[in-house]
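One file, target05.txt, carrying compact mmCIF, C-alpha atoms and all ligand atoms:
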# COMPACT_ATOMS: atom_id res chain seq x y z
CA MET A 1 278.90 167.21 367.27
CA PRO A 2 275.55 168.63 368.45
CA ASP A 3 274.65 172.30 367.84
CA LYS A 4 276.64 174.66 370.00
CA ILE A 5 274.87 176.13 373.02
CA LYS A 6 274.56 179.90 372.57
CA VAL A 7 275.34 181.85 375.73
CA LEU A 8 274.56 185.57 375.97
CA GLY A 9 276.79 187.43 378.43
CA ILE A 10 275.37 190.60 379.98
CA VAL A 11 277.76 193.23 381.37
CA GLY A 12 276.22 194.90 384.44
CA SER A 13 278.64 197.83 384.50
CA LEU A 14 279.10 200.80 382.16
CA ARG A 15 282.61 201.57 383.42
CA LYS A 16 285.29 201.56 380.71
CA ASN A 17 287.72 199.44 382.76
CA SER A 18 285.03 197.31 384.38
CA TYR A 19 286.29 194.17 386.13
CA ASN A 20 282.93 192.54 385.44
CA ARG A 21 283.34 193.13 381.71
CA LEU A 22 286.81 191.58 382.03
CA LEU A 23 285.27 188.56 383.75
CA LEU A 24 283.02 188.01 380.75
CA LEU A 25 285.87 188.52 378.28
CA ASN A 26 287.93 185.97 380.19
CA ALA A 27 284.97 183.57 380.27
CA LYS A 28 285.33 183.19 376.49
CA SER A 29 288.48 181.14 376.95
CA LEU A 30 286.99 179.13 379.84
CA LEU A 31 283.90 178.08 377.91
CA PRO A 32 283.21 174.40 377.14
CA GLU A 33 283.94 173.49 373.51
CA ASP A 34 280.27 172.91 372.76
CA ALA A 35 279.28 176.52 373.49
CA THR A 36 279.72 180.06 372.17
CA LEU A 37 279.59 183.33 374.11
CA GLU A 38 278.31 186.63 372.74
CA ILE A 39 278.69 189.65 375.01
CA PHE A 40 275.88 192.22 375.30
CA ASP A 41 277.45 195.43 376.54
CA ARG A 42 274.82 198.08 375.81
CA LEU A 43 272.94 198.66 379.07
CA GLY A 44 273.93 202.35 378.88
CA GLU A 45 271.69 202.79 375.81
CA PHE A 46 268.48 201.95 377.66
CA PRO A 47 266.32 204.91 378.68
CA LEU A 48 264.83 204.79 382.15
CA PHE A 49 261.94 202.36 382.25
CA ASN A 50 258.53 203.94 381.85
CA GLN A 51 255.54 201.64 381.92
CA ASP A 52 253.64 203.99 379.60
CA LEU A 53 256.01 202.83 376.84
CA GLU A 54 256.05 199.11 377.56
CA ASN A 55 253.80 198.20 374.63
CA ASP A 56 255.95 200.15 372.20
CA PRO A 57 259.46 199.91 373.68
CA PRO A 58 262.61 201.57 372.31
CA GLN A 59 264.61 199.72 369.64
CA ILE A 60 267.38 198.78 372.08
CA VAL A 61 264.86 196.92 374.24
CA LYS A 62 263.53 195.02 371.21
CA GLU A 63 267.10 194.05 370.26
CA PHE A 64 267.91 192.96 373.82
CA LYS A 65 264.80 190.79 374.04
CA LYS A 66 265.51 189.24 370.64
CA LYS A 67 269.06 188.38 371.69
CA ILE A 68 267.80 186.76 374.90
CA ARG A 69 265.21 184.74 372.97
CA GLU A 70 267.82 183.56 370.46
CA SER A 71 270.17 182.41 373.23
CA ASP A 72 270.11 179.07 375.00
CA ALA A 73 271.60 180.44 378.20
CA ILE A 74 272.46 183.73 379.91
CA LEU A 75 275.56 184.70 381.90
CA ILE A 76 275.35 187.92 383.91
CA ALA A 77 278.47 189.58 385.35
CA THR A 78 277.48 192.33 387.74
CA PRO A 79 279.10 194.71 390.17
CA GLU A 80 277.62 195.32 393.62
CA TYR A 81 276.45 198.88 394.21
CA ASN A 82 275.39 199.72 397.76
CA TYR A 83 274.77 196.04 398.56
CA SER A 84 272.56 195.54 395.51
CA ILE A 85 272.66 195.39 391.71
CA PRO A 86 273.41 198.50 389.64
CA GLY A 87 270.41 200.52 388.49
CA VAL A 88 271.38 200.03 384.84
CA LEU A 89 271.06 196.27 385.16
CA LYS A 90 267.75 196.43 387.02
CA ASN A 91 266.46 198.93 384.46
CA ALA A 92 267.29 196.60 381.56
CA LEU A 93 265.71 193.61 383.32
CA ASP A 94 262.55 195.64 384.00
CA TRP A 95 262.28 196.63 380.32
CA ALA A 96 262.89 193.04 379.19
CA ALA A 97 260.21 191.61 381.47
CA ARG A 98 257.41 193.80 380.14
CA PRO A 99 254.68 193.83 378.98
CA TYR A 100 253.35 191.12 381.25
CA GLY A 101 253.43 187.77 379.50
CA ASP A 102 256.23 188.76 377.10
CA ASN A 103 259.23 187.81 379.22
CA PRO A 104 262.10 186.33 377.17
CA PHE A 105 263.86 185.10 380.33
CA GLU A 106 261.04 182.63 381.08
CA GLY A 107 262.58 179.17 381.54
CA LYS A 108 266.10 180.25 380.49
CA PRO A 109 269.10 178.96 382.38
CA VAL A 110 271.01 181.87 383.91
CA ALA A 111 274.40 181.94 385.62
CA ILE A 112 275.73 184.84 387.67
CA MET A 113 279.23 186.04 388.48
CA SER A 114 280.43 189.19 390.19
CA ALA A 115 283.67 191.04 390.72
CA SER A 116 284.21 193.64 393.40
CA ILE A 117 287.18 195.45 394.85
CA GLY A 118 285.78 194.52 398.26
CA MET A 119 286.20 191.40 400.35
CA LEU A 120 282.87 189.72 399.53
CA GLY A 121 283.19 189.91 395.75
CA GLY A 122 279.65 191.16 395.16
CA ALA A 123 277.90 188.38 397.08
CA ARG A 124 275.08 190.61 398.32
CA ALA A 125 274.33 191.84 394.79
CA GLN A 126 274.10 188.26 393.61
CA TYR A 127 271.43 187.41 396.17
CA HIS A 128 269.41 190.47 395.15
CA LEU A 129 269.77 189.45 391.52
CA ARG A 130 268.65 185.91 392.32
CA GLN A 131 265.50 187.35 393.90
CA VAL A 132 264.72 189.33 390.72
CA LEU A 133 265.33 186.20 388.65
CA VAL A 134 262.70 184.34 390.68
CA TYR A 135 260.09 186.70 389.27
CA LEU A 136 261.57 186.38 385.77
CA ASN A 137 261.18 182.61 386.24
CA THR A 138 264.66 181.69 385.08
CA ILE A 139 266.41 178.46 385.90
CA THR A 140 269.24 179.98 387.88
CA ILE A 141 272.40 177.95 388.37
CA ASN A 142 273.13 177.71 392.09
CA LYS A 143 276.68 176.40 392.23
CA PRO A 144 279.50 177.15 392.09
CA GLU A 145 279.06 180.71 393.28
CA VAL A 146 281.63 182.92 391.57
CA PHE A 147 282.55 185.94 393.69
CA VAL A 148 285.77 187.58 392.55
CA SER A 149 286.90 189.62 395.56
CA PHE A 150 289.73 192.20 395.56
CA ALA A 151 289.22 192.38 391.79
CA HIS A 152 291.86 195.09 391.36
CA LYS A 153 294.50 192.45 392.21
CA LYS A 154 293.11 189.65 390.03
CA PHE A 155 293.85 190.85 386.47
CA ASP A 156 297.14 191.59 384.71
CA GLU A 157 297.74 194.77 382.70
CA LYS A 158 296.25 193.13 379.59
CA GLY A 159 293.04 192.27 381.41
CA ASN A 160 293.79 188.56 381.79
CA LEU A 161 292.34 186.96 384.90
CA VAL A 162 295.34 185.67 386.83
CA ASP A 163 293.56 184.02 389.74
CA GLU A 164 293.65 180.26 389.08
CA GLU A 165 290.95 179.48 391.62
CA ALA A 166 288.56 182.01 390.08
CA LYS A 167 289.26 180.57 386.61
CA LYS A 168 288.51 177.06 387.88
CA TYR A 169 285.18 178.14 389.38
CA ILE A 170 284.16 180.13 386.29
CA ALA A 171 284.91 177.12 384.07
CA GLU A 172 282.81 174.92 386.38
CA LEU A 173 279.94 177.43 386.41
CA LEU A 174 280.00 177.59 382.61
CA ARG A 175 280.00 173.79 382.35
CA ASN A 176 276.96 173.62 384.63
CA LEU A 177 275.20 176.37 382.68
CA VAL A 178 275.84 174.74 379.32
CA ASN A 179 274.86 171.27 380.58
CA THR A 180 271.60 172.66 381.96
CA ALA A 181 270.89 174.51 378.72
CA ARG A 182 271.51 171.33 376.71
CA LEU A 183 269.25 169.31 378.97
CA LEU A 184 266.45 171.87 378.62
CA LYS A 185 266.91 172.13 374.86
CA HIS A 186 266.63 168.36 374.59
CA GLN A 187 263.62 168.29 376.87
CA TYR A 188 261.78 171.03 374.96
CA GLY A 189 262.70 169.27 371.72
CA LEU A 190 261.10 166.07 373.00
CA ILE A 191 257.98 167.93 374.10
CA ARG A 192 257.64 169.63 370.70
CA ALA A 193 258.29 166.40 368.79
C1 LIG A 201 280.63 200.34 394.80
N1 LIG A 201 281.44 199.27 395.18
C2 LIG A 201 280.95 198.32 396.04
N2 LIG A 201 281.61 197.14 396.27
C3 LIG A 201 281.10 196.20 397.09
O1 LIG A 201 281.70 195.14 397.28
N3 LIG A 201 279.90 196.40 397.72
C4 LIG A 201 279.18 197.53 397.54
O2 LIG A 201 278.11 197.66 398.09
C5 LIG A 201 279.71 198.53 396.69
N4 LIG A 201 279.02 199.68 396.47
C6 LIG A 201 279.40 200.54 395.46
C7 LIG A 201 278.56 201.58 395.09
C8 LIG A 201 278.89 202.39 394.02
C9 LIG A 201 277.95 203.45 393.57
C10 LIG A 201 280.13 202.19 393.36
C11 LIG A 201 280.52 203.06 392.18
C12 LIG A 201 280.98 201.19 393.74
C13 LIG A 201 282.77 199.09 394.56
C14 LIG A 201 282.70 198.21 393.33
O3 LIG A 201 282.92 196.88 393.74
C15 LIG A 201 283.80 198.58 392.35
O4 LIG A 201 283.62 199.92 391.95
C16 LIG A 201 283.83 197.66 391.14
O5 LIG A 201 285.00 197.92 390.42
C17 LIG A 201 282.60 197.89 390.23
O6 LIG A 201 282.55 196.95 389.21
P1 LIG A 201 283.12 197.23 387.74
O7 LIG A 201 282.63 198.55 387.25
O8 LIG A 201 284.63 197.23 387.87
O9 LIG A 201 282.64 196.08 386.92
Could I get this file's structure written as structure tokens?
Amino acid sequence: MPDKIKVLGIVGSLRKNSYNRLLLLNAKSLLPEDATLEIFDRLGEFPLFNQDLENDPPQIVKEFKKKIRESDAILIATPEYNYSIPGVLKNALDWAARPYGDNPFEGKPVAIMSASIGMLGGARAQYHLRQVLVYLNTITINKPEVFVSFAHKKFDEKGNLVDEEAKKYIAELLRNLVNTARLLKHQYGLIRA
């Protein structure tokens, strides 16, 4: 059995009963056997980004960047706020990407999912996030796109995702993410060897 692929899940919402956090918690049981998922749920601890501090960032930023570096792949679950990504998520990504040349996302495979109480399931936020990830130079997984619409109807009282189609797509997205991460790990290994 090869080493397990380490996936870092990032929760884009601070809300206590966040559907996006539930998506990530449910992803744990949909993960391929050759992978692990750690959830990073601390975006509320980041101060507002200030470029004056980028060379000596707060401890939480250092920890976030270390966790990204130690992961083989990233899985972001984000709400859509006013047709875009929440400020807390953008703020954390801005901190992580600085100073210039010290971007832990560089070359990392990243998958995105979103849950929304609306009809489009956060689709517009995902396309904004994909644009940000272009600058971060990630290898973003294109398909399947996981938009969990009408999220308030898709979980039971214990927080279990009860939408079979959504579960199928999340499992497929995770398989694609882990396969891509393994391919890249192998490739980098060959280059280093
Ligand atoms: C929203 N919501 C929302 N939904 C959507 O589909 N498109 C949108 O543009 C917005 N805009 C928006 C702005 C703000 C400020 C809030 C608070 C909410 C609704 C959103 O989908 C819903 O609150 C989700 O439950 C948020 O995700 P979490 O916190 O449950 O993960």
Margin query: Around ligand LIG 201 (chain A), which protein and nucleic acid residues have at least one atom no more than 9 Å from it, if we count all atoms listed in the file? List them as a ChimeraX atom specification.
Written below: /A:11-23,77-86,114-125,149-152
Next item on the list: Determine, counting all atoms listed in the file, which protein, DNA and RNA residues have an atom within 10 Å of an atom of stretch 159-171 of chain A; residues of the same chain fewer than 5 positions away are not included. Present the result as number ranges by chain.
Entry: A: 17-19, 21-32, 111-113, 143-149, 151, 153-154, 176-177
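If you count only C-alpha atoms and ignore residues fewer than 2 places along the chain from A:Thr36, what sits within 7 Å of it is Lys4, Ile5, Lys6, Val7 and Glu38 of chain A.
For the pair atom CA of A:Leu136 and atom CA of A:Glu33, the separation is 28.6 Å.
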Check: Which polymer residues have any atom within 8 Å of an atom of A:Phe105, counting all atoms listed in the file, with same-chain residues fewer than 3 positions away left out, as a ChimeraX atom specification?
Finding: /A:68-69,97,108,136-138
Written selection (C-alpha atoms) as a JSON list (two decimals), in the coordinates of the input:
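Generated output (part_38.json):
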[["chain", "number", "residue", "atom", "x", "y", "z"],
["A", 68, "ILE", "CA", 267.80, 186.76, 374.90],
["A", 69, "ARG", "CA", 265.21, 184.74, 372.97],
["A", 97, "ALA", "CA", 260.21, 191.61, 381.47],
["A", 108, "LYS", "CA", 266.10, 180.25, 380.49],
["A", 136, "LEU", "CA", 261.57, 186.38, 385.77],
["A", 137, "ASN", "CA", 261.18, 182.61, 386.24],
["A", 138, "THR", "CA", 264.66, 181.69, 385.08]]
Notebook entry, point to check: What separation in Å, quoted to one decimal, exists between atom CA of A:Ala96 and atom CA of A:Val61?
Noted result: 6.6 Å
Next item on the list: Mind giving me the straight-line distance from atom CA of A:Tyr188 to atom CA of A:Leu129 in Å, one decimal?
Entry: 26.0 Å
Next item on the list: Using all atoms listed in the file, pick whichever of A:Ser71, A:Asn91, A:Gln126, A:Asn179 has the shortest atom-to-atom distance to A:Leu48.
Entry: A:Asn91
Next item on the list: Show which residues sit within 10 Å of A:Thr140, as a PyMOL selection string. Count only C-alpha atoms, and ignore same-chain residues fewer than 4 positions away.
Entry: chain A and resi 73-75+107-112+130+133-134+177+180
Note to self: Residues proximal to (275.9, 188.8, 379.2) were defined as those with any atom within 6 Å of that point in the file's coordinates, counting only C-alpha atoms. Which are they, as a PyMOL selection string?
What the structure shows: chain A and resi 8-11+39-40+75-76
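Using only C-alpha atoms, the shortest contact distance between A:Glu70 and any of A:Asn55, A:Pro104, A:Ile141, A:Lys158 is found at A:Pro104.
Between A:Lys185 and the candidates A:Glu63, A:Asp156, A:Asp34, A:Asp72, the tightest atom-to-atom separation, counting all atoms listed in the file, involves A:Asp72.
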Check: Counting only C-alpha atoms, which of A:Asp94, A:Glu106, A:Leu183, A:Pro99 gets nearest to A:Leu43?
Finding: A:Asp94
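Using all atoms listed in the file, the shortest contact distance between A:Lys90 and any of A:Phe46, A:Asn103, A:Asp41, A:Pro58 is found at A:Phe46.
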Box in all listed atoms of stretch 96-106 of chain A, axis-aligned, with 5 Å more on each side; write out centre and edge lengths in Å to one decimal as AutoDock Vina command-line options.
--center_x 258.6 --center_y 188.2 --center_z 379.3 --size_x 20.5 --size_y 21.2 --size_z 14.4
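Ranking A:Lys67, A:Ile139, A:Gly87, A:Tyr100 by their shortest atom-to-atom distance to A:Glu54, with all atoms listed in the file included, puts A:Tyr100 first.
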Completion of stretch 135-146 of chain A up to all heavy atoms, as a PDB file, in the coordinates of the input:
ATOM      1  N   TYR A 135     261.271 186.160 389.950  1.00  0.00           N
ATOM      2  CA  TYR A 135     260.090 186.700 389.270  1.00  0.00           C
ATOM      3  C   TYR A 135     260.171 186.475 387.765  1.00  0.00           C
ATOM      4  O   TYR A 135     259.172 186.181 387.105  1.00  0.00           O
ATOM      5  CB  TYR A 135     259.897 188.189 389.577  1.00  0.00           C
ATOM      6  CG  TYR A 135     258.576 188.670 389.001  1.00  0.00           C
ATOM      7  CD1 TYR A 135     257.380 188.343 389.635  1.00  0.00           C
ATOM      8  CD2 TYR A 135     258.531 189.363 387.802  1.00  0.00           C
ATOM      9  CE1 TYR A 135     256.161 188.722 389.098  1.00  0.00           C
ATOM     10  CE2 TYR A 135     257.314 189.750 387.257  1.00  0.00           C
ATOM     11  CZ  TYR A 135     256.136 189.426 387.906  1.00  0.00           C
ATOM     12  OH  TYR A 135     254.926 189.785 387.362  1.00  0.00           O
ATOM     13  N   LEU A 136     261.404 186.584 387.215  1.00  0.00           N
ATOM     14  CA  LEU A 136     261.570 186.380 385.770  1.00  0.00           C
ATOM     15  C   LEU A 136     261.451 184.899 385.389  1.00  0.00           C
ATOM     16  O   LEU A 136     261.466 184.551 384.214  1.00  0.00           O
ATOM     17  CB  LEU A 136     262.914 186.943 385.306  1.00  0.00           C
ATOM     18  CG  LEU A 136     263.089 188.465 385.479  1.00  0.00           C
ATOM     19  CD1 LEU A 136     264.420 188.918 384.892  1.00  0.00           C
ATOM     20  CD2 LEU A 136     261.964 189.237 384.823  1.00  0.00           C
ATOM     21  N   ASN A 137     261.374 184.056 386.409  1.00  0.00           N
ATOM     22  CA  ASN A 137     261.180 182.610 386.240  1.00  0.00           C
ATOM     23  C   ASN A 137     262.288 181.953 385.415  1.00  0.00           C
ATOM     24  O   ASN A 137     262.026 181.154 384.517  1.00  0.00           O
ATOM     25  CB  ASN A 137     259.804 182.328 385.621  1.00  0.00           C
ATOM     26  CG  ASN A 137     259.289 180.953 385.999  1.00  0.00           C
ATOM     27  OD1 ASN A 137     259.781 180.356 386.963  1.00  0.00           O
ATOM     28  ND2 ASN A 137     258.346 180.428 385.248  1.00  0.00           N
ATOM     29  N   THR A 138     263.518 182.330 385.723  1.00  0.00           N
ATOM     30  CA  THR A 138     264.660 181.690 385.080  1.00  0.00           C
ATOM     31  C   THR A 138     265.014 180.415 385.827  1.00  0.00           C
ATOM     32  O   THR A 138     264.548 180.189 386.953  1.00  0.00           O
ATOM     33  CB  THR A 138     265.890 182.616 385.110  1.00  0.00           C
ATOM     34  OG1 THR A 138     266.232 182.879 386.470  1.00  0.00           O
ATOM     35  CG2 THR A 138     265.628 183.928 384.379  1.00  0.00           C
ATOM     36  N   ILE A 139     265.847 179.616 385.200  1.00  0.00           N
ATOM     37  CA  ILE A 139     266.410 178.460 385.900  1.00  0.00           C
ATOM     38  C   ILE A 139     267.825 178.880 386.261  1.00  0.00           C
ATOM     39  O   ILE A 139     268.737 178.861 385.429  1.00  0.00           O
ATOM     40  CB  ILE A 139     266.348 177.217 385.002  1.00  0.00           C
ATOM     41  CG1 ILE A 139     264.874 176.899 384.784  1.00  0.00           C
ATOM     42  CG2 ILE A 139     267.117 176.057 385.622  1.00  0.00           C
ATOM     43  CD1 ILE A 139     264.576 175.798 383.840  1.00  0.00           C
ATOM     44  N   THR A 140     267.974 179.350 387.468  1.00  0.00           N
ATOM     45  CA  THR A 140     269.240 179.980 387.880  1.00  0.00           C
ATOM     46  C   THR A 140     270.180 178.916 388.437  1.00  0.00           C
ATOM     47  O   THR A 140     269.783 178.106 389.276  1.00  0.00           O
ATOM     48  CB  THR A 140     268.949 181.070 388.930  1.00  0.00           C
ATOM     49  OG1 THR A 140     267.911 181.917 388.417  1.00  0.00           O
ATOM     50  CG2 THR A 140     270.182 181.915 389.185  1.00  0.00           C
ATOM     51  N   ILE A 141     271.402 178.934 387.929  1.00  0.00           N
ATOM     52  CA  ILE A 141     272.400 177.950 388.370  1.00  0.00           C
ATOM     53  C   ILE A 141     272.868 178.335 389.782  1.00  0.00           C
ATOM     54  O   ILE A 141     273.276 179.470 390.015  1.00  0.00           O
ATOM     55  CB  ILE A 141     273.608 177.927 387.395  1.00  0.00           C
ATOM     56  CG1 ILE A 141     273.140 177.724 385.932  1.00  0.00           C
ATOM     57  CG2 ILE A 141     274.625 176.862 387.813  1.00  0.00           C
ATOM     58  CD1 ILE A 141     272.391 176.445 385.646  1.00  0.00           C
ATOM     59  N   ASN A 142     272.789 177.386 390.699  1.00  0.00           N
ATOM     60  CA  ASN A 142     273.130 177.710 392.090  1.00  0.00           C
ATOM     61  C   ASN A 142     274.623 177.647 392.382  1.00  0.00           C
ATOM     62  O   ASN A 142     275.155 178.479 393.105  1.00  0.00           O
ATOM     63  CB  ASN A 142     272.426 176.734 393.042  1.00  0.00           C
ATOM     64  CG  ASN A 142     270.938 176.999 393.123  1.00  0.00           C
ATOM     65  OD1 ASN A 142     270.505 178.142 393.004  1.00  0.00           O
ATOM     66  ND2 ASN A 142     270.159 175.956 393.295  1.00  0.00           N
ATOM     67  N   LYS A 143     275.291 176.630 391.846  1.00  0.00           N
ATOM     68  CA  LYS A 143     276.680 176.400 392.230  1.00  0.00           C
ATOM     69  C   LYS A 143     277.553 176.128 391.007  1.00  0.00           C
ATOM     70  O   LYS A 143     277.051 175.539 390.062  1.00  0.00           O
ATOM     71  CB  LYS A 143     276.765 175.182 393.171  1.00  0.00           C
ATOM     72  CG  LYS A 143     276.130 175.396 394.531  1.00  0.00           C
ATOM     73  CD  LYS A 143     277.012 176.240 395.434  1.00  0.00           C
ATOM     74  CE  LYS A 143     276.351 176.554 396.767  1.00  0.00           C
ATOM     75  NZ  LYS A 143     276.399 175.495 397.739  1.00  0.00           N
ATOM     76  N   PRO A 144     278.815 176.455 391.015  1.00  0.00           N
ATOM     77  CA  PRO A 144     279.500 177.150 392.090  1.00  0.00           C
ATOM     78  C   PRO A 144     279.160 178.630 392.080  1.00  0.00           C
ATOM     79  O   PRO A 144     278.783 179.164 391.039  1.00  0.00           O
ATOM     80  CB  PRO A 144     280.982 176.945 391.757  1.00  0.00           C
ATOM     81  CG  PRO A 144     281.013 176.834 390.271  1.00  0.00           C
ATOM     82  CD  PRO A 144     279.733 176.163 389.883  1.00  0.00           C
ATOM     83  N   GLU A 145     279.265 179.262 393.227  1.00  0.00           N
ATOM     84  CA  GLU A 145     279.060 180.710 393.280  1.00  0.00           C
ATOM     85  C   GLU A 145     280.400 181.375 392.956  1.00  0.00           C
ATOM     86  O   GLU A 145     281.414 181.047 393.560  1.00  0.00           O
ATOM     87  CB  GLU A 145     278.594 181.103 394.688  1.00  0.00           C
ATOM     88  CG  GLU A 145     277.229 180.519 395.019  1.00  0.00           C
ATOM     89  CD  GLU A 145     276.774 180.856 396.426  1.00  0.00           C
ATOM     90  OE1 GLU A 145     277.443 180.424 397.388  1.00  0.00           O
ATOM     91  OE2 GLU A 145     275.768 181.557 396.558  1.00  0.00           O
ATOM     92  N   VAL A 146     280.380 182.274 391.982  1.00  0.00           N
ATOM     93  CA  VAL A 146     281.630 182.920 391.570  1.00  0.00           C
ATOM     94  C   VAL A 146     281.632 184.367 392.054  1.00  0.00           C
ATOM     95  O   VAL A 146     280.958 185.228 391.492  1.00  0.00           O
ATOM     96  CB  VAL A 146     281.809 182.860 390.033  1.00  0.00           C
ATOM     97  CG1 VAL A 146     283.057 183.613 389.620  1.00  0.00           C
ATOM     98  CG2 VAL A 146     281.866 181.412 389.558  1.00  0.00           C
TER      99      VAL A 146
END
